[in-house]
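Participant: Below is the file structure-v8.pdb, with PDB, C-alpha atoms.
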ATOM      1  CA  MET I 619     -38.540  49.907 116.583
ATOM      2  CA  PRO I 620     -39.795  46.512 115.439
ATOM      3  CA  VAL I 621     -38.476  43.519 117.356
ATOM      4  CA  PRO I 622     -36.808  40.953 115.087
ATOM      5  CA  VAL I 623     -38.649  37.686 114.974
ATOM      6  CA  PRO I 624     -36.399  34.663 115.531
ATOM      7  CA  GLY I 625     -36.313  32.117 112.723
ATOM      8  CA  PRO I 626     -37.763  28.687 113.121
ATOM      9  CA  ALA I 627     -35.809  26.341 115.317
ATOM     10  CA  PRO I 628     -34.205  23.392 113.551
ATOM     11  CA  THR I 629     -36.416  20.373 113.503
ATOM     12  CA  GLY I 630     -35.533  17.142 115.208
ATOM     13  CA  LEU I 631     -34.934  15.435 111.866
ATOM     14  CA  ALA I 632     -32.481  18.154 110.772
ATOM     15  CA  VAL I 633     -30.581  17.857 114.043
ATOM     16  CA  ARG I 634     -30.370  14.083 113.749
ATOM     17  CA  CYS I 635     -29.208  14.293 110.126
ATOM     18  CA  GLY I 636     -26.556  16.830 111.084
ATOM     19  CA  ARG I 637     -25.291  14.625 113.863
ATOM     20  CA  ILE I 638     -25.122  11.628 111.544
ATOM     21  CA  LEU I 639     -23.247  13.550 108.853
ATOM     22  CA  LEU I 640     -20.735  14.916 111.374
ATOM     23  CA  SER I 641     -20.359  11.687 113.328
ATOM     24  CA  PRO I 642     -16.919  10.022 113.522
ATOM     25  CA  TRP I 643     -18.009   7.082 111.390
ATOM     26  CA  SER I 644     -19.457   9.315 108.687
ATOM     27  CA  ARG I 645     -16.160  11.187 108.510
ATOM     28  CA  PHE I 646     -14.266   7.906 108.401
ATOM     29  CA  ALA I 647     -16.488   6.736 105.537
ATOM     30  CA  LEU I 648     -15.622   9.977 103.738
ATOM     31  CA  LEU I 649     -11.918   9.272 104.312
ATOM     32  CA  VAL I 650     -12.300   5.790 102.800
ATOM     33  CA  ALA I 651     -14.154   7.273  99.832
ATOM     34  CA  VAL I 652     -11.490   9.938  99.271
ATOM     35  CA  LEU I 653      -8.634   7.433  99.436
ATOM     36  CA  SER I 654     -10.456   4.963  97.207
ATOM     37  CA  GLY I 655     -11.109   7.679  94.664
ATOM     38  CA  ALA I 656      -7.474   8.780  94.771
ATOM     39  CA  GLY I 657      -6.283   5.227  94.232
ATOM     40  CA  LEU I 658      -8.693   4.790  91.311
ATOM     41  CA  LEU I 659      -7.454   7.996  89.677
ATOM     42  CA  VAL I 660      -3.876   6.750  89.976
ATOM     43  CA  LEU I 661      -4.796   3.489  88.252
ATOM     44  CA  LEU I 662      -6.661   5.285  85.475
ATOM     45  CA  PHE I 663      -4.354   8.204  84.710
ATOM     46  CA  GLU I 664      -0.939   6.963  85.963
ATOM     47  CA  PRO I 665       0.349  10.402  87.033
ATOM     48  CA  GLN I 666       3.790   8.961  87.767
ATOM     49  CA  GLU I 667       4.175   8.439  84.023
ATOM     50  CA  LEU I 668       3.278  12.066  83.362
ATOM     51  CA  LEU I 669       5.903  13.196  85.839
ATOM     52  CA  SER I 670       8.613  11.111  84.220
ATOM     53  CA  ARG I 671       7.889  12.497  80.716
ATOM     54  CA  GLY I 672       8.916  16.013  81.570
ATOM     55  CA  TRP I 673       7.214  19.356  81.927
ATOM     56  CA  PRO I 674       5.634  21.819  79.505
ATOM     57  CA  PRO I 675       8.171  24.221  77.970
ATOM     58  CA  GLN I 676       6.686  27.223  79.776
ATOM     59  CA  LEU I 677       7.578  25.678  83.143
ATOM     60  CA  ASN I 678      11.262  25.949  83.904
ATOM     61  CA  GLY I 679      13.674  26.723  86.705
ATOM     62  CA  ALA I 680      12.220  27.332  90.157
ATOM     63  CA  THR I 681       8.645  27.370  88.799
ATOM     64  CA  ALA I 682       9.055  23.836  87.491
ATOM     65  CA  VAL I 683      10.492  22.609  90.791
ATOM     66  CA  VAL I 684       7.598  24.135  92.748
ATOM     67  CA  ALA I 685       5.074  22.599  90.352
ATOM     68  CA  PHE I 686       6.806  19.245  90.675
ATOM     69  CA  ALA I 687       6.738  19.455  94.485
ATOM     70  CA  LEU I 688       2.990  20.178  94.441
ATOM     71  CA  ALA I 689       2.326  17.313  92.039
ATOM     72  CA  TYR I 690       4.610  15.051  94.080
ATOM     73  CA  GLY I 691       2.669  15.777  97.272
ATOM     74  CA  LEU I 692      -0.689  15.078  95.657
ATOM     75  CA  CYS I 693       0.609  11.898  94.038
ATOM     76  CA  THR I 694       2.042  10.470  97.260
ATOM     77  CA  ALA I 695      -1.244  11.224  99.025
ATOM     78  CA  ALA I 696      -2.863   9.170  96.242
ATOM     79  CA  PHE I 697      -0.475   6.238  96.863
ATOM     80  CA  VAL I 698       1.943   6.746  93.963
ATOM     81  CA  PRO I 699       5.207   5.061  95.088
ATOM     82  CA  ARG I 700       7.777   7.616  96.210
ATOM     83  CA  PRO I 701      10.798   5.824  94.679
ATOM     84  CA  LEU I 702       9.348   6.379  91.194
ATOM     85  CA  LEU I 703       8.799  10.058  91.907
ATOM     86  CA  ASN I 704      12.284  10.436  93.382
ATOM     87  CA  LEU I 705      13.847   8.884  90.288
ATOM     88  CA  ALA I 706      11.769  11.244  88.128
ATOM     89  CA  ALA I 707      12.937  14.226  90.218
ATOM     90  CA  GLY I 708      16.574  13.374  89.551
ATOM     91  CA  ALA I 709      15.988  12.736  85.856
ATOM     92  CA  LEU I 710      14.100  16.027  85.392
ATOM     93  CA  PHE I 711      16.047  18.456  87.570
ATOM     94  CA  GLY I 712      19.362  16.880  88.517
ATOM     95  CA  SER I 713      20.603  16.070  92.000
ATOM     96  CA  GLN I 714      20.284  19.387  93.856
ATOM     97  CA  LEU I 715      17.020  20.810  92.534
ATOM     98  CA  GLY I 716      15.559  17.325  92.296
ATOM     99  CA  LEU I 717      16.300  16.663  95.962
ATOM    100  CA  ALA I 718      14.739  19.979  97.000
ATOM    101  CA  GLY I 719      11.572  19.284  95.035
ATOM    102  CA  ALA I 720      11.323  15.676  96.217
ATOM    103  CA  VAL I 721      11.775  16.503  99.912
ATOM    104  CA  ALA I 722       9.276  19.370  99.701
ATOM    105  CA  GLY I 723       6.798  17.075  97.966
ATOM    106  CA  THR I 724       7.377  14.382 100.589
ATOM    107  CA  VAL I 725       6.552  16.770 103.424
ATOM    108  CA  LEU I 726       3.518  18.097 101.551
ATOM    109  CA  GLY I 727       2.170  14.615 100.795
ATOM    110  CA  ALA I 728       2.739  13.491 104.383
ATOM    111  CA  GLY I 729       0.946  16.603 105.648
ATOM    112  CA  ILE I 730      -2.047  15.961 103.374
ATOM    113  CA  ALA I 731      -2.341  12.352 104.549
ATOM    114  CA  PHE I 732      -1.826  13.315 108.193
ATOM    115  CA  GLY I 733      -4.513  15.991 107.974
ATOM    116  CA  LEU I 734      -7.014  13.672 106.299
ATOM    117  CA  GLY I 735      -6.393  10.947 108.856
ATOM    118  CA  ARG I 736      -6.531  13.339 111.797
ATOM    119  CA  VAL I 737      -9.729  15.146 110.761
ATOM    120  CA  LEU I 738     -11.671  12.274 109.206
ATOM    121  CA  GLY I 739     -10.421   9.097 110.849
ATOM    122  CA  GLN I 740      -8.859   9.560 114.265
ATOM    123  CA  GLU I 741     -12.017   9.963 116.328
ATOM    124  CA  ALA I 742     -13.612   6.870 114.810
ATOM    125  CA  LEU I 743     -10.610   4.545 114.971
ATOM    126  CA  ARG I 744      -9.003   5.397 118.306
ATOM    127  CA  PRO I 745     -11.689   3.542 120.321
ATOM    128  CA  LEU I 746     -10.911   0.422 118.255
ATOM    129  CA  ILE I 747      -7.266   0.253 119.379
ATOM    130  CA  ARG I 748      -7.586  -2.800 121.595
ATOM    131  CA  GLY I 749      -4.836  -5.257 120.664
ATOM    132  CA  ARG I 750      -1.706  -5.116 122.798
ATOM    133  CA  LEU I 751       0.556  -4.604 119.786
ATOM    134  CA  LEU I 752      -1.645  -1.794 118.461
ATOM    135  CA  VAL I 753      -1.664  -0.149 121.878
ATOM    136  CA  ALA I 754       2.130  -0.373 122.035
ATOM    137  CA  VAL I 755       2.516   1.177 118.578
ATOM    138  CA  ASP I 756       0.057   3.937 119.455
ATOM    139  CA  GLY I 757       1.907   4.649 122.691
ATOM    140  CA  GLN I 758       5.237   4.815 120.875
ATOM    141  CA  PHE I 759       3.957   7.398 118.385
ATOM    142  CA  SER I 760       2.036   9.365 121.022
ATOM    143  CA  ARG I 761       4.830   9.615 123.607
ATOM    144  CA  HIS I 762       7.911   9.687 121.369
ATOM    145  CA  GLY I 763       6.506  11.197 118.197
ATOM    146  CA  PHE I 764       9.547  12.926 116.717
ATOM    147  CA  ARG I 765      12.002  10.157 117.575
ATOM    148  CA  SER I 766       9.726   7.380 116.351
ATOM    149  CA  MET I 767       8.827   9.104 113.077
ATOM    150  CA  LEU I 768      12.452  10.017 112.417
ATOM    151  CA  ALA I 769      13.425   6.359 112.759
ATOM    152  CA  VAL I 770      10.576   5.292 110.459
ATOM    153  CA  ARG I 771      11.664   7.761 107.773
ATOM    154  CA  LEU I 772      15.371   6.962 108.056
ATOM    155  CA  PHE I 773      14.813   3.221 107.649
ATOM    156  CA  PRO I 774      12.313   2.770 104.797
ATOM    157  CA  GLY I 775      10.785  -0.466 106.037
ATOM    158  CA  VAL I 776       7.335   0.989 106.776
ATOM    159  CA  PRO I 777       5.297   2.093 103.721
ATOM    160  CA  PHE I 778       4.960   5.859 103.465
ATOM    161  CA  ALA I 779       1.151   5.927 103.621
ATOM    162  CA  VAL I 780       0.996   3.469 106.533
ATOM    163  CA  ALA I 781       3.344   5.625 108.612
ATOM    164  CA  ASN I 782       1.338   8.757 107.799
ATOM    165  CA  TYR I 783      -1.999   7.313 108.905
ATOM    166  CA  CYS I 784      -0.595   5.536 111.958
ATOM    167  CA  ALA I 785       0.790   8.882 113.089
ATOM    168  CA  ALA I 786      -2.500  10.639 112.301
ATOM    169  CA  PHE I 787      -4.531   8.183 114.372
ATOM    170  CA  SER I 788      -2.140   8.573 117.321
ATOM    171  CA  ARG I 789      -1.729  11.705 119.442
ATOM    172  CA  MET I 790       1.405  12.888 117.649
ATOM    173  CA  ARG I 791       1.506  16.643 117.038
ATOM    174  CA  TRP I 792       1.819  18.280 113.637
ATOM    175  CA  PHE I 793       5.221  19.935 114.006
ATOM    176  CA  PRO I 794       7.198  16.884 115.204
ATOM    177  CA  PHE I 795       5.569  14.791 112.486
ATOM    178  CA  LEU I 796       6.449  17.163 109.648
ATOM    179  CA  LEU I 797       9.938  17.945 110.956
ATOM    180  CA  ALA I 798      10.820  14.281 111.418
ATOM    181  CA  THR I 799       9.421  13.503 107.966
ATOM    182  CA  GLY I 800      11.500  16.200 106.305
ATOM    183  CA  LEU I 801      14.764  15.339 108.064
ATOM    184  CA  GLY I 802      14.376  11.574 108.024
ATOM    185  CA  SER I 803      13.454  11.394 104.335
ATOM    186  CA  ILE I 804      16.569  13.195 103.082
ATOM    187  CA  PRO I 805      19.100  10.301 102.929
ATOM    188  CA  ASN I 806      16.955   7.752 101.120
ATOM    189  CA  THR I 807      15.352  10.373  98.888
ATOM    190  CA  ALA I 808      18.781  11.719  97.935
ATOM    191  CA  ALA I 809      19.925   8.242  96.915
ATOM    192  CA  TYR I 810      16.989   7.785  94.552
ATOM    193  CA  VAL I 811      17.323  11.308  93.148
ATOM    194  CA  VAL I 812      21.032  10.792  92.432
ATOM    195  CA  ALA I 813      20.256   7.446  90.809
ATOM    196  CA  GLY I 814      17.639   9.127  88.631
ATOM    197  CA  SER I 815      20.016  11.921  87.626
ATOM    198  CA  GLN I 816      22.667   9.363  86.641
ATOM    199  CA  ALA I 817      20.328   6.829  85.026
ATOM    200  CA  ALA I 818      21.825   7.521  81.588
ATOM    201  CA  THR I 819      25.233   6.345  82.877
ATOM    202  CA  PRO I 820      24.492   3.293  85.065
ATOM    203  CA  THR I 821      28.198   2.463  85.410
ATOM    204  CA  SER I 822      29.108   5.861  86.879
ATOM    205  CA  PRO I 823      30.415   5.941  90.478
ATOM    206  CA  ALA I 824      27.535   8.190  91.609
ATOM    207  CA  PHE I 825      24.922   5.775  90.300
ATOM    208  CA  LEU I 826      26.635   2.737  91.837
ATOM    209  CA  VAL I 827      27.049   4.457  95.205
ATOM    210  CA  ALA I 828      23.399   5.514  95.206
ATOM    211  CA  MET I 829      22.166   2.013  94.390
ATOM    212  CA  GLY I 830      24.466   0.528  97.022
ATOM    213  CA  PHE I 831      23.074   2.912  99.628
ATOM    214  CA  ILE I 832      19.518   1.970  98.661
ATOM    215  CA  ALA I 833      20.313  -1.733  99.039
ATOM    216  CA  LEU I 834      22.084  -1.302 102.379
ATOM    217  CA  SER I 835      19.343   0.950 103.785
ATOM    218  CA  GLY I 836      16.750  -1.644 102.797
ATOM    219  CA  LEU I 837      18.688  -4.363 104.612
ATOM    220  CA  ALA I 838      19.145  -2.163 107.674
ATOM    221  CA  ALA I 839      15.426  -1.353 107.631
ATOM    222  CA  ALA I 840      14.544  -5.036 107.670
ATOM    223  CA  LEU I 841      16.835  -5.681 110.654
ATOM    224  CA  VAL I 842      15.561  -2.653 112.588
ATOM    225  CA  ALA I 843      11.941  -3.588 111.861
ATOM    226  CA  TRP I 844      12.534  -7.132 113.116
ATOM    227  CA  ARG I 845      14.114  -5.901 116.359
ATOM    228  CA  LYS I 846      11.475  -3.210 116.865
ATOM    229  CA  ARG I 847       8.691  -5.719 116.328
ATOM    230  CA  ASN I 848      10.081  -7.986 119.020
ATOM    231  CA  ALA I 849      10.537  -5.034 121.376
ATOM    232  CA  LEU I 850       6.944  -3.867 120.854
ATOM    233  CA  ARG I 851       5.651  -7.388 121.419
ATOM    234  CA  GLY I 852       7.580  -7.628 124.642
ATOM    235  CA  ARG I 853       6.314  -4.245 125.784
ATOM    236  CA  ALA I 854       2.748  -5.178 124.883
ATOM    237  CA  GLY I 855       3.050  -8.450 126.798
ATOM    238  CA  ALA I 856       4.391  -6.635 129.844
TER     239      ALA I 856
END
Transcribe the structure of this file into structure tokens.

Facilitator:
Amino acid sequence: MPVPVPGPAPTGLAVRCGRILLSPWSRFALLVAVLSGAGLLVLLFEPQELLSRGWPPQLNGATAVVAFALAYGLCTAAFVPRPLLNLAAGALFGSQLGLAGAVAGTVLGAGIAFGLGRVLGQEALRPLIRGRLLVAVDGQFSRHGFRSMLAVRLFPGVPFAVANYCAAFSRMRWFPFLLATGLGSIPNTAAYVVAGSQAATPTSPAFLVAMGFIALSGLAAALVAWRKRNALRGRAGA
């Protein structure tokens, strides 16, 4: 029986090129390119406008909600503001179905951003965490992932994308991140969805209550962020 002849060993140049392409900084450069491209597509095509115009007639019921959730997740990963999408969800599907689609899209978009940051950016950026405040923030997400992310989602003072990538670059696990995102996003998302569903009657009690909740949650977020910032500074100084 003939003995198989081994193929040629990879050359030194091929090995070096492979290492460069798979290096942390190459992956981080890919992450920057992906996010830049996503942001450019948003500026060019304005998908949030397409969402607010309605759906094709062949998409209706549960199929339309699922399609909206998928589009919502992709749009939030591409930096489309969530409040616009939440208002569109309420206007298109009403309060109940709109809330289901918006929350599902929120979790999907957060998962996409978390996965991109974890796979392409974490290894390159973690060695750069040197400032005391950055170390304190990283420690908060790494040690108290679910509690910290739940607070971030409940009080919408931190931009959605910033929270996603800060969590991805920390040592937070997938399940606490997604669970806290889903639970913590419900109150504020529901307020925007209800406001969108009642936009045709801006003097209705439901619309006024929703807008009041949005205003109060924004004020509470500012106060919590101010206190948390001082606490993190004190912890970093200690």

Participant: For Val683 in chain I, which of I:Pro794, I:Pro820, I:Pro777, I:Gly716 is the closest residue, counting only C-alpha atoms?

Facilitator: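 Looking only at the distances to Val683 in chain I, the closest residue turns out to be I:Gly716.
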
Participant: Could you expand the PyMOL selection byres ((chain I and resi 769) around 10) into the explicit residues it covers here, written as a list in words?

Facilitator: Phe764, Arg765, Ser766, Met767, Leu768, Val770, Arg771, Leu772, Phe773, Pro774, Gly775, Ala798, Thr799, Gly802, Ser803, Ala839 and Val842 of chain I

Participant: Which polymer residues have any atom within 10 Å of an atom of range 694-702 of chain I, counting all atoms listed in the file, with same-chain residues fewer than 2 positions away left out, as a count of residues only?

Facilitator: 46

Participant: Would you write out, as a PyMOL selection string, every residue that the PyMOL selection byres ((chain I and resi 832) around 10) captures in this file?

Facilitator: chain I and resi 774+805-810+813+826-831+833-838

Participant: Nearest residue to Ser760 in chain I out of I:Thr819, I:Arg791, I:Gly733, I:Val776, using only C-alpha atoms?

Facilitator: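 Nearest to Ser760 in chain I: I:Arg791.
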
Participant: Have a look at I:Tyr783, I:Ala687, I:Ala651, I:Ser713 and name the one nearest to Ala824 in chain I; count all atoms listed in the file.

Facilitator: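 Under the stated criterion, the closest residue is I:Ser713.
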
Participant: In Å, with one decimal, what is the gap from CA of Leu710 in chain I to CA of Phe663 in chain I?

Facilitator: 20.1 Å

Participant: In Å, with one decimal, what is the gap from CA of Ala785 in chain I to CA of Leu717 in chain I?

Facilitator: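 The value is 24.4 Å.
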
Participant: Go ahead and compute the interatomic distance for CA of Ala680 in chain I and CA of Gly708 in chain I, in Å to one decimal.

Facilitator: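 Distance reported for this atom pair: 14.6 Å.
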
Participant: Smallest atom-to-atom distance to Ser815 in chain I: which of I:Phe711, I:Gln758, I:Cys784, I:Ala685, using all atoms listed in the file?

Facilitator: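 The answer is I:Phe711, which sits nearest to Ser815 in chain I.
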
Participant: Counting only C-alpha atoms, figure out which residue out of I:Ala709, I:Arg736, I:Gln714, I:Val721 gets nearest to Trp792 in chain I.

Facilitator: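 Ranking I:Ala709, I:Arg736, I:Gln714, I:Val721 by distance to Trp792 in chain I, first place goes to I:Arg736.
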
Participant: Using all atoms listed in the file, which of the listed residues (I:Val780, I:Leu841, I:Leu648, I:Ala718) sits closest to Val737 in chain I?

Facilitator: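 Comparing I:Val780, I:Leu841, I:Leu648, I:Ala718 against Val737 in chain I, the winner is I:Leu648.
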
Participant: Return range 832-843 of chain I, completed with all heavy atoms, as a compact mmCIF listing (two decimals), keeping the file's coordinate frame.

Facilitator:
# COMPACT_ATOMS: atom_id res chain seq x y z
N ILE I 832 20.91 2.42 98.63
CA ILE I 832 19.52 1.97 98.66
C ILE I 832 19.43 0.52 99.14
O ILE I 832 18.58 0.16 99.97
CB ILE I 832 18.88 2.13 97.27
CG1 ILE I 832 18.74 3.61 96.92
CG2 ILE I 832 17.52 1.45 97.21
CD1 ILE I 832 18.35 3.87 95.49
N ALA I 833 20.33 -0.33 98.64
CA ALA I 833 20.31 -1.73 99.04
C ALA I 833 20.66 -1.89 100.51
O ALA I 833 20.00 -2.65 101.25
CB ALA I 833 21.28 -2.53 98.17
N LEU I 834 21.68 -1.19 100.98
CA LEU I 834 22.08 -1.30 102.38
C LEU I 834 21.02 -0.73 103.31
O LEU I 834 20.77 -1.30 104.40
CB LEU I 834 23.41 -0.57 102.60
CG LEU I 834 24.65 -1.23 101.97
CD1 LEU I 834 25.88 -0.35 102.19
CD2 LEU I 834 24.87 -2.62 102.57
N SER I 835 20.39 0.38 102.93
CA SER I 835 19.34 0.95 103.78
C SER I 835 18.14 0.02 103.87
O SER I 835 17.48 -0.08 104.91
CB SER I 835 18.92 2.32 103.26
OG SER I 835 18.33 2.21 101.98
N GLY I 836 17.84 -0.67 102.76
CA GLY I 836 16.75 -1.64 102.80
C GLY I 836 17.05 -2.80 103.73
O GLY I 836 16.18 -3.26 104.49
N LEU I 837 18.30 -3.29 103.71
CA LEU I 837 18.69 -4.36 104.61
C LEU I 837 18.66 -3.90 106.06
O LEU I 837 18.16 -4.61 106.95
CB LEU I 837 20.09 -4.86 104.24
CG LEU I 837 20.68 -5.96 105.12
CD1 LEU I 837 19.80 -7.21 105.09
CD2 LEU I 837 22.11 -6.29 104.68
N ALA I 838 19.18 -2.70 106.31
CA ALA I 838 19.14 -2.16 107.67
C ALA I 838 17.72 -1.97 108.16
O ALA I 838 17.40 -2.22 109.33
CB ALA I 838 19.91 -0.84 107.72
N ALA I 839 16.82 -1.54 107.25
CA ALA I 839 15.43 -1.35 107.63
C ALA I 839 14.79 -2.67 108.04
O ALA I 839 14.01 -2.73 109.01
CB ALA I 839 14.65 -0.72 106.48
N ALA I 840 15.11 -3.73 107.32
CA ALA I 840 14.54 -5.04 107.67
C ALA I 840 15.02 -5.49 109.05
O ALA I 840 14.24 -6.01 109.85
CB ALA I 840 14.93 -6.07 106.61
N LEU I 841 16.31 -5.28 109.35
CA LEU I 841 16.84 -5.68 110.65
C LEU I 841 16.23 -4.84 111.78
O LEU I 841 15.85 -5.38 112.83
CB LEU I 841 18.36 -5.54 110.66
CG LEU I 841 19.13 -6.50 109.73
CD1 LEU I 841 20.62 -6.17 109.74
CD2 LEU I 841 18.90 -7.95 110.14
N VAL I 842 16.14 -3.52 111.56
CA VAL I 842 15.56 -2.65 112.59
C VAL I 842 14.10 -2.99 112.82
O VAL I 842 13.62 -3.03 113.96
CB VAL I 842 15.74 -1.17 112.19
CG1 VAL I 842 14.95 -0.26 113.12
CG2 VAL I 842 17.21 -0.79 112.22
N ALA I 843 13.36 -3.24 111.72
CA ALA I 843 11.94 -3.59 111.86
C ALA I 843 11.76 -4.88 112.64
O ALA I 843 10.85 -5.00 113.47
CB ALA I 843 11.30 -3.70 110.47
